[in-house]
Every structure is written in structure tokens, then in C-alpha cells.
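Below: the structure, in C-alpha cells.
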Amino acid sequence: AAAPRAIPDAPNAIRTAAQIEALERDNLQQALQAAGGRVAGPGGAAELLAIPPSTLRSRLKALGLPRPPTG
């Protein structure tokens, strides 16, 4: 008989779509906080995440997160 499979460590765990969405939401919020609420520009959240600002805005909208004020 085969040995029982070990439960994978957290970094290797398979996550549900809802868990992935929650991780993304938390990560975007952390990036925005670190950037002082700025989406674009030097030191902005998009730069920290290495994604275009338009992509970040799109993800914020898709995840129902409030869009930081511009300017």
C-alpha cells in the first residue's frame, strides 16, 4: 500500500478561486498603503506591483475596492 500523502505546506497549498481573490485584494491594499494611496507614478502602487496603472485600476474595480482619489 502507498504511504499517505502529506498535507502540503502552506506555500505549496492549492487554493480556491475565492482564496486567490482574497490574497490579491490584500496584496493590492498593501501596495496602495505602501504607496500612500497613489496608483501611478514613481513609488506608486502600480510600480510596486510591476503592473501598468491601468491594470491596477481595472483590478481594483473588478475586486470592488475603492479607487483612490486622483491628483
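Each chain of the C-alpha cells is named A, B, ... in the order shown, its residues numbered from 1; ligands are numbered from 1 in display order.
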*asked:* I'd like to know which residues of chain A are helix (DSSP H, G or I) (by DSSP, run on the backbone); could you write them as an MDAnalysis selection string?
replied: chainID A and resid 10:12 17:34 45:49 53:62
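The neighbours of A:Leu63 here are the residues that come within 12 Å of it, using only C-alpha atoms and leaving out any residue fewer than 5 positions away in the same chain; they are Ala18, Ile20, Glu21, Ala22, Leu23, Glu24, Arg25, Asp26, Asn27, Leu28, Gln29, Leu56, Arg57 and Ser58 of chain A.
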Selected residues, all heavy atoms, written as an mmCIF file, in the first residue's frame, please.
data_model
loop_
_atom_site.group_PDB
_atom_site.id
_atom_site.type_symbol
_atom_site.label_atom_id
_atom_site.label_comp_id
_atom_site.auth_asym_id
_atom_site.auth_seq_id
_atom_site.Cartn_x
_atom_site.Cartn_y
_atom_site.Cartn_z
ATOM 1 N N ALA A 18 -11.679 31.766 -4.554
ATOM 2 C CA ALA A 18 -12.019 32.779 -3.545
ATOM 3 C C ALA A 18 -10.800 33.126 -2.697
ATOM 4 O O ALA A 18 -10.600 34.294 -2.339
ATOM 5 C CB ALA A 18 -13.161 32.285 -2.663
ATOM 6 N N ILE A 20 -7.636 32.924 -3.684
ATOM 7 C CA ILE A 20 -6.733 33.683 -4.562
ATOM 8 C C ILE A 20 -7.212 35.125 -4.649
ATOM 9 O O ILE A 20 -6.415 36.065 -4.573
ATOM 10 C CB ILE A 20 -6.672 33.053 -5.975
ATOM 11 C CG1 ILE A 20 -6.090 31.654 -5.912
ATOM 12 C CG2 ILE A 20 -5.913 33.949 -6.946
ATOM 13 C CD1 ILE A 20 -4.609 31.562 -5.749
ATOM 14 N N GLU A 21 -8.517 35.321 -4.793
ATOM 15 C CA GLU A 21 -9.080 36.666 -4.868
ATOM 16 C C GLU A 21 -8.814 37.439 -3.576
ATOM 17 O O GLU A 21 -8.458 38.616 -3.607
ATOM 18 C CB GLU A 21 -10.576 36.595 -5.157
ATOM 19 C CG GLU A 21 -11.201 37.945 -5.413
ATOM 20 C CD GLU A 21 -12.656 37.843 -5.819
ATOM 21 O OE1 GLU A 21 -12.935 37.258 -6.882
ATOM 22 O OE2 GLU A 21 -13.506 38.344 -5.060
ATOM 23 N N ALA A 22 -8.963 36.778 -2.449
ATOM 24 C CA ALA A 22 -8.706 37.428 -1.166
ATOM 25 C C ALA A 22 -7.229 37.806 -1.037
ATOM 26 O O ALA A 22 -6.893 38.890 -0.555
ATOM 27 C CB ALA A 22 -9.127 36.521 -0.011
ATOM 28 N N LEU A 23 -6.342 36.918 -1.496
ATOM 29 C CA LEU A 23 -4.910 37.220 -1.471
ATOM 30 C C LEU A 23 -4.597 38.423 -2.355
ATOM 31 O O LEU A 23 -3.818 39.303 -1.974
ATOM 32 C CB LEU A 23 -4.097 36.013 -1.939
ATOM 33 C CG LEU A 23 -3.977 34.848 -0.965
ATOM 34 C CD1 LEU A 23 -3.323 33.651 -1.644
ATOM 35 C CD2 LEU A 23 -3.179 35.253 0.257
ATOM 36 N N GLU A 24 -5.203 38.451 -3.552
ATOM 37 C CA GLU A 24 -4.970 39.574 -4.461
ATOM 38 C C GLU A 24 -5.494 40.873 -3.845
ATOM 39 O O GLU A 24 -4.810 41.905 -3.880
ATOM 40 C CB GLU A 24 -5.640 39.336 -5.808
ATOM 41 C CG GLU A 24 -5.366 40.460 -6.793
ATOM 42 C CD GLU A 24 -6.000 40.269 -8.159
ATOM 43 O OE1 GLU A 24 -6.913 39.422 -8.303
ATOM 44 O OE2 GLU A 24 -5.586 40.990 -9.083
ATOM 45 N N ARG A 25 -6.683 40.820 -3.276
ATOM 46 C CA ARG A 25 -7.268 42.008 -2.646
ATOM 47 C C ARG A 25 -6.339 42.545 -1.555
ATOM 48 O O ARG A 25 -6.033 43.731 -1.508
ATOM 49 C CB ARG A 25 -8.649 41.674 -2.076
ATOM 50 C CG ARG A 25 -9.349 42.849 -1.415
ATOM 51 C CD ARG A 25 -10.728 42.479 -0.890
ATOM 52 N NE ARG A 25 -11.674 42.338 -1.989
ATOM 53 C CZ ARG A 25 -12.201 41.184 -2.392
ATOM 54 N NH1 ARG A 25 -11.899 40.056 -1.788
ATOM 55 N NH2 ARG A 25 -13.045 41.142 -3.399
ATOM 56 N N ASP A 26 -5.869 41.659 -0.688
ATOM 57 C CA ASP A 26 -4.965 42.069 0.386
ATOM 58 C C ASP A 26 -3.667 42.642 -0.171
ATOM 59 O O ASP A 26 -3.156 43.648 0.335
ATOM 60 C CB ASP A 26 -4.642 40.886 1.304
ATOM 61 C CG ASP A 26 -5.832 40.428 2.140
ATOM 62 O OD1 ASP A 26 -6.835 41.177 2.225
ATOM 63 O OD2 ASP A 26 -5.757 39.317 2.697
ATOM 64 N N ASN A 27 -3.119 42.018 -1.203
ATOM 65 C CA ASN A 27 -1.860 42.475 -1.791
ATOM 66 C C ASN A 27 -2.017 43.864 -2.413
ATOM 67 O O ASN A 27 -1.152 44.728 -2.235
ATOM 68 C CB ASN A 27 -1.378 41.465 -2.841
ATOM 69 C CG ASN A 27 0.049 41.685 -3.239
ATOM 70 O OD1 ASN A 27 0.933 41.755 -2.397
ATOM 71 N ND2 ASN A 27 0.291 41.792 -4.531
ATOM 72 N N LEU A 28 -3.125 44.093 -3.110
ATOM 73 C CA LEU A 28 -3.361 45.407 -3.721
ATOM 74 C C LEU A 28 -3.527 46.469 -2.636
ATOM 75 O O LEU A 28 -2.994 47.582 -2.753
ATOM 76 C CB LEU A 28 -4.594 45.372 -4.627
ATOM 77 C CG LEU A 28 -4.507 44.469 -5.852
ATOM 78 C CD1 LEU A 28 -5.784 44.587 -6.686
ATOM 79 C CD2 LEU A 28 -3.287 44.748 -6.691
ATOM 80 N N GLN A 29 -4.254 46.128 -1.580
ATOM 81 C CA GLN A 29 -4.434 47.092 -0.489
ATOM 82 C C GLN A 29 -3.106 47.421 0.186
ATOM 83 O O GLN A 29 -2.841 48.574 0.522
ATOM 84 C CB GLN A 29 -5.447 46.550 0.528
ATOM 85 C CG GLN A 29 -6.859 46.558 -0.003
ATOM 86 C CD GLN A 29 -7.849 45.909 0.949
ATOM 87 O OE1 GLN A 29 -7.541 44.944 1.644
ATOM 88 N NE2 GLN A 29 -9.060 46.438 0.978
ATOM 89 N N LEU A 56 -3.907 48.034 -12.721
ATOM 90 C CA LEU A 56 -4.218 48.139 -11.294
ATOM 91 C C LEU A 56 -5.609 48.719 -11.097
ATOM 92 O O LEU A 56 -6.399 48.199 -10.310
ATOM 93 C CB LEU A 56 -3.171 48.984 -10.572
ATOM 94 C CG LEU A 56 -3.430 49.244 -9.082
ATOM 95 C CD1 LEU A 56 -3.670 47.959 -8.313
ATOM 96 C CD2 LEU A 56 -2.285 50.038 -8.487
ATOM 97 N N ARG A 57 -5.927 49.782 -11.814
ATOM 98 C CA ARG A 57 -7.271 50.375 -11.693
ATOM 99 C C ARG A 57 -8.350 49.365 -12.067
ATOM 100 O O ARG A 57 -9.392 49.278 -11.413
ATOM 101 C CB ARG A 57 -7.374 51.626 -12.559
ATOM 102 C CG ARG A 57 -6.572 52.794 -12.017
ATOM 103 C CD ARG A 57 -6.786 54.054 -12.855
ATOM 104 N NE ARG A 57 -5.869 55.092 -12.473
ATOM 105 C CZ ARG A 57 -4.734 55.382 -13.124
ATOM 106 N NH1 ARG A 57 -4.407 54.735 -14.218
ATOM 107 N NH2 ARG A 57 -3.941 56.339 -12.688
ATOM 108 N N SER A 58 -8.093 48.586 -13.113
ATOM 109 C CA SER A 58 -9.043 47.569 -13.555
ATOM 110 C C SER A 58 -9.237 46.494 -12.488
ATOM 111 O O SER A 58 -10.360 46.070 -12.199
ATOM 112 C CB SER A 58 -8.543 46.936 -14.856
ATOM 113 O OG SER A 58 -9.369 45.881 -15.251
#
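Atom CA of A:Ala35 sits 26.8 Å away from atom CA of A:Ala17.
Every protein, DNA or RNA residue with an atom at most 12 Å from A:Gly36, where only C-alpha atoms count and chain neighbours fewer than 3 positions away do not, is listed here: A:Gln29, A:Gln30, A:Ala31, A:Leu32, A:Gln33, A:Val39, A:Ala40, A:Gly41, A:Pro42, A:Gly43, A:Gly44, A:Ala45, A:Ala46, A:Leu48, A:Pro68, A:Pro69, A:Thr70.
Rounded to one decimal, atom CA of A:Thr16 and atom CA of A:Pro52 lie 26.0 Å from each other.
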_A:Thr55, A:Ala13, A:Gln19, A:Gly37 ranked by distance to A:Arg67, top pick (using only C-alpha atoms)_ = A:Gly37
